[in-house]
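This is start_37.csv. It holds CSV, C-alpha atoms.
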```csv
chain,number,residue,atom,x,y,z
Z,1,MET,CA,-28.0,2.6,16.8
Z,2,ASP,CA,-31.3,1.9,18.5
Z,3,ALA,CA,-30.7,5.0,20.6
Z,4,LEU,CA,-30.1,7.0,17.5
Z,5,LEU,CA,-33.2,5.7,15.9
Z,6,GLN,CA,-35.2,6.6,18.9
Z,7,VAL,CA,-34.1,10.2,18.9
Z,8,CYS,CA,-34.9,10.4,15.2
Z,9,THR,CA,-38.4,9.1,15.8
Z,10,GLU,CA,-38.9,11.8,18.3
Z,11,VAL,CA,-38.7,14.5,15.6
Z,12,GLU,CA,-40.8,12.2,13.4
Z,13,LEU,CA,-38.7,12.2,10.3
Z,14,ASP,CA,-40.0,10.3,7.4
Z,15,LYS,CA,-37.5,7.4,7.1
Z,16,ASN,CA,-38.6,6.7,3.5
Z,17,MET,CA,-37.7,10.2,2.3
Z,18,LYS,CA,-35.6,10.1,-0.8
Z,19,ILE,CA,-32.1,11.6,-0.3
Z,20,LEU,CA,-29.6,12.6,-3.0
Z,21,ILE,CA,-25.9,12.5,-1.9
Z,22,VAL,CA,-23.6,14.6,-4.1
Z,23,ASP,CA,-19.8,14.4,-3.6
Z,24,ASP,CA,-17.0,13.8,-6.1
Z,25,PHE,CA,-15.3,11.2,-3.9
Z,26,SER,CA,-16.9,7.9,-3.8
Z,27,THR,CA,-15.6,7.1,-0.3
Z,28,MET,CA,-17.2,10.2,1.1
Z,29,ARG,CA,-20.5,9.3,-0.6
Z,30,ARG,CA,-20.2,5.9,0.9
Z,31,ILE,CA,-19.5,7.3,4.4
Z,32,ILE,CA,-22.5,9.6,4.2
Z,33,LYS,CA,-24.7,6.8,2.8
Z,34,ASN,CA,-23.7,4.5,5.7
Z,35,LEU,CA,-24.3,7.2,8.3
Z,36,LEU,CA,-27.7,8.0,6.8
Z,37,ARG,CA,-28.5,4.2,6.9
Z,38,ASP,CA,-27.6,4.1,10.5
Z,39,LEU,CA,-30.0,6.9,11.1
Z,40,GLY,CA,-32.7,4.8,9.4
Z,41,PHE,CA,-32.7,6.5,6.0
Z,42,THR,CA,-32.2,3.9,3.3
Z,43,ASN,CA,-33.8,5.6,0.3
Z,44,THR,CA,-30.6,7.2,-1.1
Z,45,ALA,CA,-29.1,8.0,-4.5
Z,46,GLU,CA,-25.7,9.4,-5.4
Z,47,ALA,CA,-24.2,11.8,-7.9
Z,48,ASP,CA,-20.6,12.9,-8.3
Z,49,ASP,CA,-21.1,16.6,-9.1
Z,50,GLY,CA,-23.8,19.3,-9.7
Z,51,THR,CA,-24.0,18.6,-13.4
Z,52,THR,CA,-25.2,15.1,-12.9
Z,53,ALA,CA,-27.1,15.9,-9.7
Z,54,LEU,CA,-29.4,18.6,-11.2
Z,55,PRO,CA,-31.1,16.5,-13.8
Z,56,MET,CA,-31.6,13.7,-11.2
Z,57,LEU,CA,-33.2,16.3,-8.8
Z,58,GLN,CA,-35.4,17.7,-11.6
Z,59,SER,CA,-36.8,14.3,-12.6
Z,60,GLY,CA,-36.5,12.3,-9.3
Z,61,SER,CA,-38.8,13.7,-6.6
Z,62,PHE,CA,-36.1,13.9,-4.0
Z,63,ASP,CA,-37.0,15.1,-0.4
Z,64,PHE,CA,-33.5,16.1,0.7
Z,65,LEU,CA,-30.2,17.1,-0.8
Z,66,VAL,CA,-26.8,16.5,0.9
Z,67,THR,CA,-24.0,18.1,-1.2
Z,68,ASP,CA,-20.3,18.8,-1.1
Z,69,TRP,CA,-19.0,22.2,-2.2
Z,70,ASN,CA,-15.8,21.6,-4.0
Z,71,MET,CA,-16.5,19.4,-7.0
Z,72,PRO,CA,-15.3,19.5,-10.7
Z,73,GLY,CA,-18.0,20.4,-13.2
Z,74,MET,CA,-20.7,22.2,-11.2
Z,75,SER,CA,-19.8,23.0,-7.6
Z,76,GLY,CA,-22.1,22.5,-4.6
Z,77,ILE,CA,-22.8,26.3,-4.2
Z,78,ASP,CA,-23.8,26.5,-7.9
Z,79,LEU,CA,-26.0,23.5,-7.5
Z,80,LEU,CA,-27.6,25.1,-4.5
Z,81,ARG,CA,-28.3,28.3,-6.5
Z,82,ALA,CA,-29.7,26.2,-9.4
Z,83,VAL,CA,-32.0,24.4,-7.0
Z,84,ARG,CA,-33.2,27.7,-5.4
Z,85,ALA,CA,-33.8,29.2,-8.9
Z,86,ASP,CA,-35.9,26.2,-10.0
Z,87,GLU,CA,-39.6,26.7,-9.5
Z,88,ARG,CA,-40.2,23.1,-8.6
Z,89,LEU,CA,-37.1,22.5,-6.5
Z,90,LYS,CA,-36.8,25.8,-4.6
Z,91,HIS,CA,-38.2,24.5,-1.3
Z,92,LEU,CA,-35.9,21.4,-1.3
Z,93,PRO,CA,-34.0,21.2,2.0
Z,94,VAL,CA,-30.2,21.3,1.3
Z,95,LEU,CA,-27.5,20.3,3.7
Z,96,MET,CA,-23.9,21.3,2.8
Z,97,VAL,CA,-21.2,18.9,3.9
Z,98,THR,CA,-17.9,20.4,2.9
Z,99,ALA,CA,-14.3,21.1,3.8
Z,100,GLU,CA,-14.8,24.8,2.9
Z,101,ALA,CA,-14.4,26.6,6.1
Z,102,LYS,CA,-14.0,30.3,5.3
Z,103,ARG,CA,-16.5,32.6,7.1
Z,104,ASP,CA,-17.3,34.3,3.8
Z,105,GLN,CA,-18.2,31.0,2.2
Z,106,ILE,CA,-20.5,30.0,5.1
Z,107,ILE,CA,-22.2,33.4,4.8
Z,108,GLU,CA,-22.4,33.0,1.0
Z,109,ALA,CA,-24.0,29.5,1.4
Z,110,ALA,CA,-26.5,31.0,3.9
Z,111,GLN,CA,-27.4,33.8,1.6
Z,112,ALA,CA,-27.8,31.3,-1.3
Z,113,GLY,CA,-30.4,29.5,0.9
Z,114,VAL,CA,-28.7,26.6,2.4
Z,115,ASN,CA,-30.6,24.8,5.3
Z,116,GLY,CA,-27.6,23.5,7.2
Z,117,TYR,CA,-23.8,23.5,7.0
Z,118,VAL,CA,-21.5,20.7,8.2
Z,119,VAL,CA,-17.7,21.1,8.0
Z,120,LYS,CA,-15.5,18.2,7.2
Z,121,PRO,CA,-14.1,16.3,9.1
Z,122,PHE,CA,-17.4,15.7,10.8
Z,123,THR,CA,-18.8,13.2,13.3
Z,124,ALA,CA,-21.8,11.0,12.9
Z,125,GLN,CA,-23.4,12.9,15.8
Z,126,ALA,CA,-22.9,16.3,14.0
Z,127,LEU,CA,-24.5,15.0,10.8
Z,128,LYS,CA,-27.4,13.6,12.7
Z,129,GLU,CA,-28.0,16.8,14.7
Z,130,LYS,CA,-27.9,19.0,11.6
Z,131,ILE,CA,-30.3,16.8,9.7
Z,132,GLU,CA,-32.7,16.9,12.6
Z,133,LYS,CA,-32.3,20.6,12.9
Z,134,VAL,CA,-33.0,21.2,9.2
Z,135,PHE,CA,-36.3,19.3,9.4
Z,136,GLU,CA,-37.3,20.8,12.8
Z,137,ARG,CA,-37.0,24.3,11.3
Z,138,ILE,CA,-39.0,23.3,8.3
Z,139,GLU,CA,-41.7,21.8,10.5
Z,140,ALA,CA,-41.8,24.9,12.6
Z,141,LYS,CA,-42.5,27.1,9.6
T,1,MET,CA,36.3,46.7,-15.7
T,2,LYS,CA,39.2,44.8,-17.0
T,3,PRO,CA,38.4,42.8,-20.2
T,4,GLY,CA,37.7,39.2,-19.3
T,5,ALA,CA,37.4,40.0,-15.6
T,6,GLY,CA,33.7,39.0,-15.7
T,7,MET,CA,34.6,35.5,-16.8
T,8,VAL,CA,36.3,34.6,-13.6
T,9,LEU,CA,34.1,32.3,-11.6
T,10,SER,CA,34.1,32.9,-7.9
T,11,GLY,CA,31.7,32.2,-5.0
T,12,ASN,CA,29.2,34.7,-6.3
T,13,PRO,CA,30.4,35.9,-9.7
T,14,GLY,CA,27.0,37.4,-10.6
T,15,GLN,CA,27.2,39.8,-7.6
T,16,MET,CA,30.9,40.6,-8.5
T,17,THR,CA,30.3,41.6,-12.1
T,18,ALA,CA,27.2,43.6,-11.2
T,19,ASP,CA,29.2,45.4,-8.5
T,20,GLU,CA,32.1,45.9,-10.7
T,21,PHE,CA,29.9,47.4,-13.4
T,22,GLU,CA,28.5,49.8,-10.8
T,23,ASP,CA,32.0,50.8,-9.6
T,24,SER,CA,33.2,51.4,-13.1
T,25,LEU,CA,30.0,53.4,-13.8
T,26,LYS,CA,30.8,55.6,-10.8
T,27,SER,CA,34.5,56.3,-11.7
T,28,ASN,CA,33.7,56.8,-15.4
T,29,ALA,CA,30.9,59.2,-14.5
T,30,ARG,CA,33.4,61.3,-12.6
T,31,LYS,CA,35.8,61.1,-15.5
T,32,LEU,CA,33.1,62.1,-17.9
T,33,VAL,CA,32.2,65.2,-15.9
T,34,ASP,CA,35.9,66.1,-15.6
T,35,HIS,CA,36.4,65.8,-19.4
T,36,LEU,CA,33.2,67.8,-20.1
T,37,GLU,CA,34.3,70.6,-17.7
T,38,GLU,CA,37.7,70.7,-19.4
T,39,GLY,CA,35.9,70.9,-22.8
T,40,ASP,CA,37.6,67.7,-23.9
T,41,TYR,CA,34.7,66.3,-25.9
T,42,ARG,CA,36.7,63.7,-27.7
T,43,GLU,CA,37.8,62.1,-24.4
T,44,ALA,CA,34.2,62.4,-23.1
T,45,VAL,CA,32.8,60.4,-26.0
T,46,LEU,CA,35.5,57.7,-25.4
T,47,VAL,CA,34.4,57.5,-21.8
T,48,ILE,CA,30.7,57.1,-22.8
T,49,HIS,CA,31.9,54.3,-25.2
T,50,GLU,CA,33.8,52.7,-22.3
T,51,ILE,CA,30.6,52.8,-20.1
T,52,ASN,CA,28.6,51.2,-22.9
T,53,GLN,CA,31.1,48.4,-23.3
T,54,ALA,CA,31.3,47.7,-19.6
T,55,ARG,CA,27.5,47.5,-19.5
T,56,ASP,CA,27.3,45.2,-22.5
T,57,ARG,CA,30.0,42.9,-21.1
T,58,GLY,CA,28.2,42.6,-17.8
T,59,LEU,CA,24.9,42.1,-19.6
T,60,TYR,CA,26.2,39.4,-21.9
T,61,TYR,CA,27.9,37.7,-18.9
T,62,GLU,CA,24.7,37.8,-16.8
T,63,VAL,CA,22.6,36.6,-19.7
T,64,GLY,CA,25.1,33.8,-20.3
T,65,LYS,CA,25.0,32.8,-16.6
T,66,LEU,CA,21.2,32.9,-16.6
T,67,THR,CA,21.1,30.6,-19.6
T,68,ARG,CA,23.5,28.2,-18.0
T,69,ALA,CA,21.5,28.3,-14.8
T,70,LEU,CA,18.3,27.6,-16.7
T,71,HIS,CA,20.0,24.8,-18.5
T,72,ASN,CA,21.2,23.3,-15.2
T,73,SER,CA,17.8,23.6,-13.7
T,74,ILE,CA,16.3,21.8,-16.6
T,75,ILE,CA,18.8,19.0,-16.1
T,76,ASN,CA,18.3,19.0,-12.4
T,77,PHE,CA,14.5,18.6,-12.7
T,78,GLN,CA,15.1,16.1,-15.5
T,79,LEU,CA,12.3,17.8,-17.2
T,80,ASP,CA,10.7,15.7,-19.9
T,81,THR,CA,12.8,17.1,-22.8
T,82,ALA,CA,12.8,13.6,-24.4
T,83,ARG,CA,9.0,13.7,-24.6
T,84,SER,CA,8.7,17.2,-25.7
T,85,PHE,CA,11.3,16.8,-28.5
T,86,GLY,CA,9.6,13.7,-29.8
T,87,SER,CA,12.5,11.3,-28.9
T,88,ASP,CA,11.7,7.7,-28.2
T,89,ASN,CA,13.9,7.7,-25.2
T,90,ILE,CA,11.2,8.6,-22.7
T,91,GLU,CA,12.8,8.9,-19.3
T,92,HIS,CA,10.5,10.1,-16.6
T,93,SER,CA,11.3,13.5,-15.2
T,94,LYS,CA,11.1,14.1,-11.4
T,95,ILE,CA,8.0,16.1,-11.9
T,96,THR,CA,6.2,13.4,-13.9
T,97,ASP,CA,7.5,10.9,-11.4
T,98,ALA,CA,6.1,13.0,-8.5
T,99,SER,CA,2.7,13.2,-10.2
T,100,ASP,CA,2.8,9.4,-10.7
T,101,ARG,CA,3.7,9.0,-7.0
T,102,LEU,CA,0.8,11.2,-5.8
T,103,ASP,CA,-1.5,9.3,-8.1
T,104,TYR,CA,-0.3,6.2,-6.4
T,105,VAL,CA,-1.2,7.8,-3.0
T,106,VAL,CA,-4.7,8.6,-4.2
T,107,LYS,CA,-5.2,5.0,-5.4
T,108,LEU,CA,-3.8,3.5,-2.2
T,109,THR,CA,-5.9,5.6,0.1
T,110,ASP,CA,-9.0,5.0,-2.0
T,111,LYS,CA,-8.4,1.3,-1.9
T,112,ALA,CA,-7.8,1.3,1.9
T,113,ALA,CA,-11.0,3.4,2.5
T,114,ASN,CA,-13.1,1.1,0.4
T,115,ARG,CA,-11.6,-2.1,1.9
T,116,THR,CA,-12.3,-0.8,5.4
T,117,MET,CA,-15.8,0.1,4.5
T,118,ASP,CA,-16.4,-3.3,2.9
T,119,LEU,CA,-15.3,-5.0,6.1
T,120,VAL,CA,-17.4,-2.7,8.3
T,121,GLU,CA,-20.4,-3.2,6.1
T,122,SER,CA,-20.0,-7.0,6.3
T,123,SER,CA,-19.5,-7.0,10.1
T,124,ALA,CA,-22.4,-4.7,11.0
T,125,PRO,CA,-25.2,-7.1,10.1
T,126,VAL,CA,-23.4,-10.0,11.9
T,127,VAL,CA,-23.2,-8.1,15.1
T,128,SER,CA,-26.7,-6.7,14.8
T,129,GLU,CA,-28.1,-10.3,14.2
T,130,LEU,CA,-26.4,-11.6,17.3
T,131,GLY,CA,-27.8,-8.6,19.3
T,132,LYS,CA,-31.3,-9.3,18.1
T,133,ASP,CA,-31.0,-13.0,18.9
T,134,ALA,CA,-29.7,-12.3,22.3
T,135,ALA,CA,-32.6,-9.9,23.1
T,136,GLU,CA,-35.1,-12.6,21.9
T,137,LEU,CA,-33.4,-15.2,24.2
T,138,ARG,CA,-33.4,-12.8,27.1
T,139,ARG,CA,-37.1,-12.3,26.8
T,140,GLU,CA,-37.7,-16.1,26.7
T,141,TRP,CA,-35.3,-16.6,29.7
T,142,GLN,CA,-37.3,-14.0,31.7
T,143,ARG,CA,-40.5,-15.8,30.9
T,144,LEU,CA,-38.8,-19.0,32.4
T,145,GLN,CA,-37.8,-17.0,35.5
T,146,ARG,CA,-41.4,-15.9,35.9
T,147,ARG,CA,-42.4,-19.5,35.6
T,148,GLU,CA,-44.5,-18.8,32.6
T,149,MET,CA,-42.9,-21.6,30.5
T,150,SER,CA,-44.1,-25.1,29.9
T,151,ALA,CA,-41.7,-28.1,30.0
T,152,ASP,CA,-42.0,-28.4,26.2
T,153,GLU,CA,-41.2,-24.7,25.7
T,154,PHE,CA,-38.2,-25.0,28.0
T,155,ARG,CA,-36.8,-27.8,25.9
T,156,GLY,CA,-37.2,-25.6,22.9
T,157,LEU,CA,-35.5,-22.7,24.7
T,158,SER,CA,-32.5,-24.8,25.8
T,159,ARG,CA,-32.1,-25.9,22.1
T,160,SER,CA,-32.2,-22.3,21.0
T,161,ILE,CA,-29.7,-21.3,23.6
T,162,LEU,CA,-27.2,-24.0,22.5
T,163,ALA,CA,-27.7,-23.0,18.8
T,164,PHE,CA,-27.2,-19.3,19.8
T,165,LEU,CA,-23.9,-20.1,21.6
T,166,GLU,CA,-22.6,-22.1,18.7
T,167,ARG,CA,-23.6,-19.2,16.3
T,168,SER,CA,-21.9,-16.6,18.6
T,169,GLU,CA,-18.7,-18.6,18.6
T,170,ALA,CA,-18.6,-18.8,14.8
T,171,GLN,CA,-19.7,-15.3,14.1
T,172,SER,CA,-17.3,-13.7,16.6
T,173,ASP,CA,-14.6,-15.4,14.6
T,174,VAL,CA,-15.9,-13.7,11.5
T,175,VAL,CA,-15.9,-10.3,13.2
T,176,SER,CA,-12.4,-10.7,14.7
T,177,ARG,CA,-11.1,-11.7,11.3
T,178,ASN,CA,-12.7,-8.6,9.8
T,179,LEU,CA,-11.4,-6.3,12.6
T,180,ASN,CA,-7.9,-7.7,11.9
T,181,ASP,CA,-8.3,-7.1,8.2
T,182,ILE,CA,-9.4,-3.5,9.0
T,183,LEU,CA,-6.2,-3.0,11.0
T,184,MET,CA,-4.2,-4.4,8.1
T,185,ALA,CA,-5.9,-2.1,5.6
T,186,GLN,CA,-4.3,0.9,7.4
T,187,ASP,CA,-0.8,-0.1,6.1
T,188,TYR,CA,-1.2,2.5,3.4
T,189,GLN,CA,-0.3,5.2,6.0
T,190,ASP,CA,3.3,4.1,6.1
T,191,LEU,CA,3.6,3.7,2.3
T,192,THR,CA,1.9,7.0,1.4
T,193,GLY,CA,3.8,8.8,4.1
T,194,GLN,CA,7.1,7.9,2.5
T,195,VAL,CA,5.9,8.9,-0.9
T,196,ILE,CA,4.5,12.2,0.2
T,197,LYS,CA,7.7,13.1,2.1
T,198,ARG,CA,9.8,12.5,-1.1
T,199,VAL,CA,7.4,14.7,-3.1
T,200,ILE,CA,7.7,17.5,-0.4
T,201,THR,CA,11.5,17.3,-0.8
T,202,LEU,CA,11.2,17.7,-4.5
T,203,VAL,CA,8.8,20.7,-4.2
T,204,HIS,CA,11.4,22.4,-1.9
T,205,ASP,CA,14.2,21.7,-4.4
T,206,VAL,CA,12.1,23.2,-7.2
T,207,GLU,CA,11.3,26.2,-5.2
T,208,GLU,CA,14.9,26.8,-4.4
T,209,SER,CA,16.0,26.5,-8.0
T,210,LEU,CA,13.3,28.8,-9.2
T,211,LEU,CA,14.3,31.4,-6.5
T,212,ASN,CA,17.9,31.2,-7.8
T,213,LEU,CA,16.7,31.8,-11.3
T,214,VAL,CA,14.7,34.8,-10.2
T,215,ARG,CA,17.7,36.2,-8.3
T,216,MET,CA,19.9,35.9,-11.4
T,217,ALA,CA,17.3,37.4,-13.7
T,218,GLY,CA,17.3,40.3,-11.2
T,219,GLN,CA,21.0,40.8,-11.8
T,220,VAL,CA,20.4,41.1,-15.5
T,221,ASP,CA,17.7,43.6,-14.9
T,222,ARG,CA,20.0,45.7,-12.7
T,223,ILE,CA,22.7,45.9,-15.4
T,224,ALA,CA,20.3,46.4,-18.3
T,225,GLY,CA,18.3,48.9,-16.3
T,226,ILE,CA,15.1,47.1,-17.0
T,227,ASP,CA,12.1,48.0,-14.9
T,228,HIS,CA,9.3,45.4,-15.0
T,229,GLU,CA,5.8,46.5,-14.7
T,230,LEU,CA,4.6,43.9,-12.4
T,231,PRO,CA,0.9,43.0,-12.7
T,232,GLU,CA,-1.0,43.9,-9.5
T,233,PRO,CA,-1.2,40.9,-7.2
T,234,GLU,CA,-4.6,39.3,-7.9
T,235,GLU,CA,-7.4,40.5,-5.8
T,236,ASN,CA,-8.6,38.1,-3.2
T,237,LYS,CA,-10.5,35.3,-4.8
T,238,THR,CA,-14.2,35.5,-4.6
T,239,SER,CA,-15.4,33.3,-1.8
T,240,SER,CA,-17.4,31.0,-4.1
T,241,GLN,CA,-14.1,29.6,-5.3
T,242,ALA,CA,-13.5,26.4,-3.3
T,243,GLU,CA,-10.3,26.1,-1.4
T,244,GLY,CA,-10.5,22.6,0.0
T,245,PRO,CA,-9.5,21.8,3.6
T,246,GLN,CA,-7.9,24.6,5.6
T,247,ILE,CA,-4.5,23.6,6.9
T,248,HIS,CA,-3.9,26.4,9.5
T,249,ALA,CA,-7.5,27.1,10.4
T,250,ASP,CA,-6.5,28.1,14.0
T,251,LYS,CA,-4.1,30.8,12.8
T,252,ARG,CA,-6.6,32.5,10.4
T,253,ASP,CA,-9.3,34.9,11.4
T,254,ASP,CA,-11.3,34.4,8.2
T,255,VAL,CA,-11.7,30.6,8.7
T,256,VAL,CA,-13.8,28.7,11.2
T,257,SER,CA,-11.9,26.0,13.1
T,258,GLY,CA,-14.8,23.6,13.7
T,259,GLN,CA,-18.5,22.8,13.6
T,260,ASP,CA,-19.1,24.9,16.8
T,261,GLU,CA,-17.9,28.1,15.0
T,262,VAL,CA,-20.0,27.3,12.0
T,263,ASP,CA,-23.0,26.9,14.2
T,264,ASP,CA,-22.2,30.2,16.0
T,265,LEU,CA,-21.8,32.0,12.7
T,266,LEU,CA,-25.0,30.6,11.3
T,267,SER,CA,-27.0,31.4,14.5
T,268,SER,CA,-25.7,35.0,14.3
T,269,LEU,CA,-27.2,35.1,10.8
T,270,GLY,CA,-30.5,34.0,12.3
T,271,PHE,CA,-30.3,30.3,11.6
```

Here is the file; what I need is its structure written in the form of structure tokens.
Amino acid sequence: MDALLQVCTEVELDKNMKILIVDDFSTMRRIIKNLLRDLGFTNTAEADDGTTALPMLQSGSFDFLVTDWNMPGMSGIDLLRAVRADERLKHLPVLMVTAEAKRDQIIEAAQAGVNGYVVKPFTAQALKEKIEKVFERIEAK
Amino acid sequence: MKPGAGMVLSGNPGQMTADEFEDSLKSNARKLVDHLEEGDYREAVLVIHEINQARDRGLYYEVGKLTRALHNSIINFQLDTARSFGSDNIEHSKITDASDRLDYVVKLTDKAANRTMDLVESSAPVVSELGKDAAELRREWQRLQRREMSADEFRGLSRSILAFLERSEAQSDVVSRNLNDILMAQDYQDLTGQVIKRVITLVHDVEESLLNLVRMAGQVDRIAGIDHELPEPEENKTSSQAEGPQIHADKRDDVVSGQDEVDDLLSSLGF
């Protein structure tokens, strides 16, 4: 864990940034929450679909959104589009963590403005790399 | 076709009556042409009547058979007729039973996942505390080795080391108990595996019964000369529709088989 923390400090991520985790399965939210905590991110909140996530994002000053695709109510791709269409949220970094693995879907998510895409099942290492990459690219801009 | 011939049940009576009807249609068609060429219109009309009757008999027979098959299928699936007809005698159908069983699988896997995560979450701080304490003691020990420690400090260190060893003993018990419980929490695999296998069998049975019904309905169509206008198979779903996990990702071209392929695809898009 210390080794992981070290790598993260190298890209100088703000450990206090507020992260919203959106997934309809509580076990998956818990896994992601635990992995994020291992990476040093403890300021997290959870929502079980886009419909509950969007108002939280609009009123909650979040710095990062991690969302599933396939959810009842509002899906992750629709949530992503809603975020990009919202004047105040459109620059929010979004990482998709999903079992959806069709090329068309990945392209669609990219066109909708996703910042990173992780397919389930995933490893702790993959999640960590993608989060770092998302923020590296934002830094570089 | 002889009257009543259609009622004989053999290995595949549906096929027989349909074939018989076609045979009788062929021979009667020849007779009809013969009569017409001979100018015997009375006989010709009788032949047409005969054809109609044969067709009706076959049709009634097939419809009857279809109805029986449908009825049997309903009994086989033990569909919830009691419930839909408002009777008090609610006996669970196989389908309802299967849904209940799958619900049970969801509950069991959910419980196991949460139990496992509870145990991991309660073990992680124990292990990380011990690690921190060990690092602290190592630093002190190195000070001793460099002879940077007073006699008083050394007495303090040796008390700390004893306390640490006692704590390690107790805490490693806690962690082994948790690890054991994590192992035990995986017992759901056996139970859910059995349930899922039974549901798979049911799905196969249902598919087979439905195929039989479709086959029999096809016989009815053949005799009645009905041509169905089948709706065009639905266009490929738009990609925004979620499909869930891909089972045969390695056999499909339109699906990535892992994170590496996702990364390749995204980088080809300029990510």

Open item on the list: Please check the contacts: residues of chain T at most 6 Å away from chain Z, using all atoms listed in the file, listed as a ChimeraX atom specification.
Closed with: /T:239,242,244-245,254-256,259

- [ ] Write out as a PyMOL selection string which residues come within 7 Å of range 220-227 of chain T when counting all atoms listed in the file, dropping same-chain ones fewer than 6 positions away.
- [x] chain T and resi 18+55+58-59+62-63

Task: Atomic distance CA of Leu269 in chain T - CA of Lys141 in chain Z, expressed in Å with one decimal - done: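 Interatomic distance, CA of Leu269 in chain T to CA of Lys141 in chain Z: 17.3 Å.
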
TODO: Dig up all the protein and nucleic acid residues within 12 Å of (-34.9, 22.1, -8.2) in the file frame, using only C-alpha atoms, and format them as a ChimeraX atom specification.
DONE: /Z:50,53-65,78-94

Task: Contact residues around Glu121 in chain T with only C-alpha atoms at 12 Å, ignoring same-chain residues under 3 positions, as a PyMOL selection string - done: (chain Z and resi 30-31+33-35+37-38) or (chain T and resi 114-118+124-128+175+178-179+182)

TODO: Please provide as a PyMOL selection string all residues within 9 Å of Gly73 in chain Z, with the sequence filter that same-chain residues fewer than 6 positions apart are discarded (counting all atoms listed in the file).
DONE: chain Z and resi 49-52

Task: Spatial sel., origin (37.9, 59.2, -15.7), limit 12 Å, all atoms listed in the file, listed as a list of chain:residue names - done: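 Residues satisfying the cut-off, written out: T:Asp23, T:Ser24, T:Leu25, T:Lys26, T:Ser27, T:Asn28, T:Ala29, T:Arg30, T:Lys31, T:Leu32, T:Val33, T:Asp34, T:His35, T:Leu36, T:Asp40, T:Glu43, T:Ala44, T:Val45, T:Leu46, T:Val47, T:Ile48, T:Glu50, T:Ile51.
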
- [ ] Rounded to one decimal place, report the CA of Ala185 in chain T-CA of Ile200 in chain T distance in Å.
- [x] 24.6 Å

Task: Test item: residues at most 10 Å from Thr67 in chain T, all atoms listed in the file, excluding those fewer than 4 positions along its chain, as a ChimeraX atom specification - done: /T:61-63,71-73,213,216-217

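Note that CA of Lys132 in chain T and CA of Leu13 in chain Z are 24.0 Å apart.
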
Open item on the list: List the spatial neighbours of Asp133 in chain T as an MDAnalysis selection string - criterion: any atom at most 12 Å away, all atoms listed in the file, same-chain residues fewer than 2 positions off excluded.
Closed with: chainID T and resid 126:131 135:140 160:161 163:165 167:168

Open item on the list: Which residue is closest to Tyr104 in chain T? Choose from T:Ile247, T:Ile196, T:Val206, T:Val262 and count all atoms listed in the file.
Closed with: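 For Tyr104 in chain T, the nearest of the given residues is T:Ile196.
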
- [ ] Rank nothing, just name the residue among T:Lys65, T:Leu70, T:Gln171, T:Arg143 nearest to Leu210 in chain T, using all atoms listed in the file.
- [x] T:Leu70

Open item on the list: Restricting the calculation to only C-alpha atoms: of T:Ala54, T:Asp250, T:Ala69, T:Asp264, which residue gets closest to Val214 in chain T?
Closed with: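 Looking only at the distances to Val214 in chain T, the closest residue turns out to be T:Ala69.
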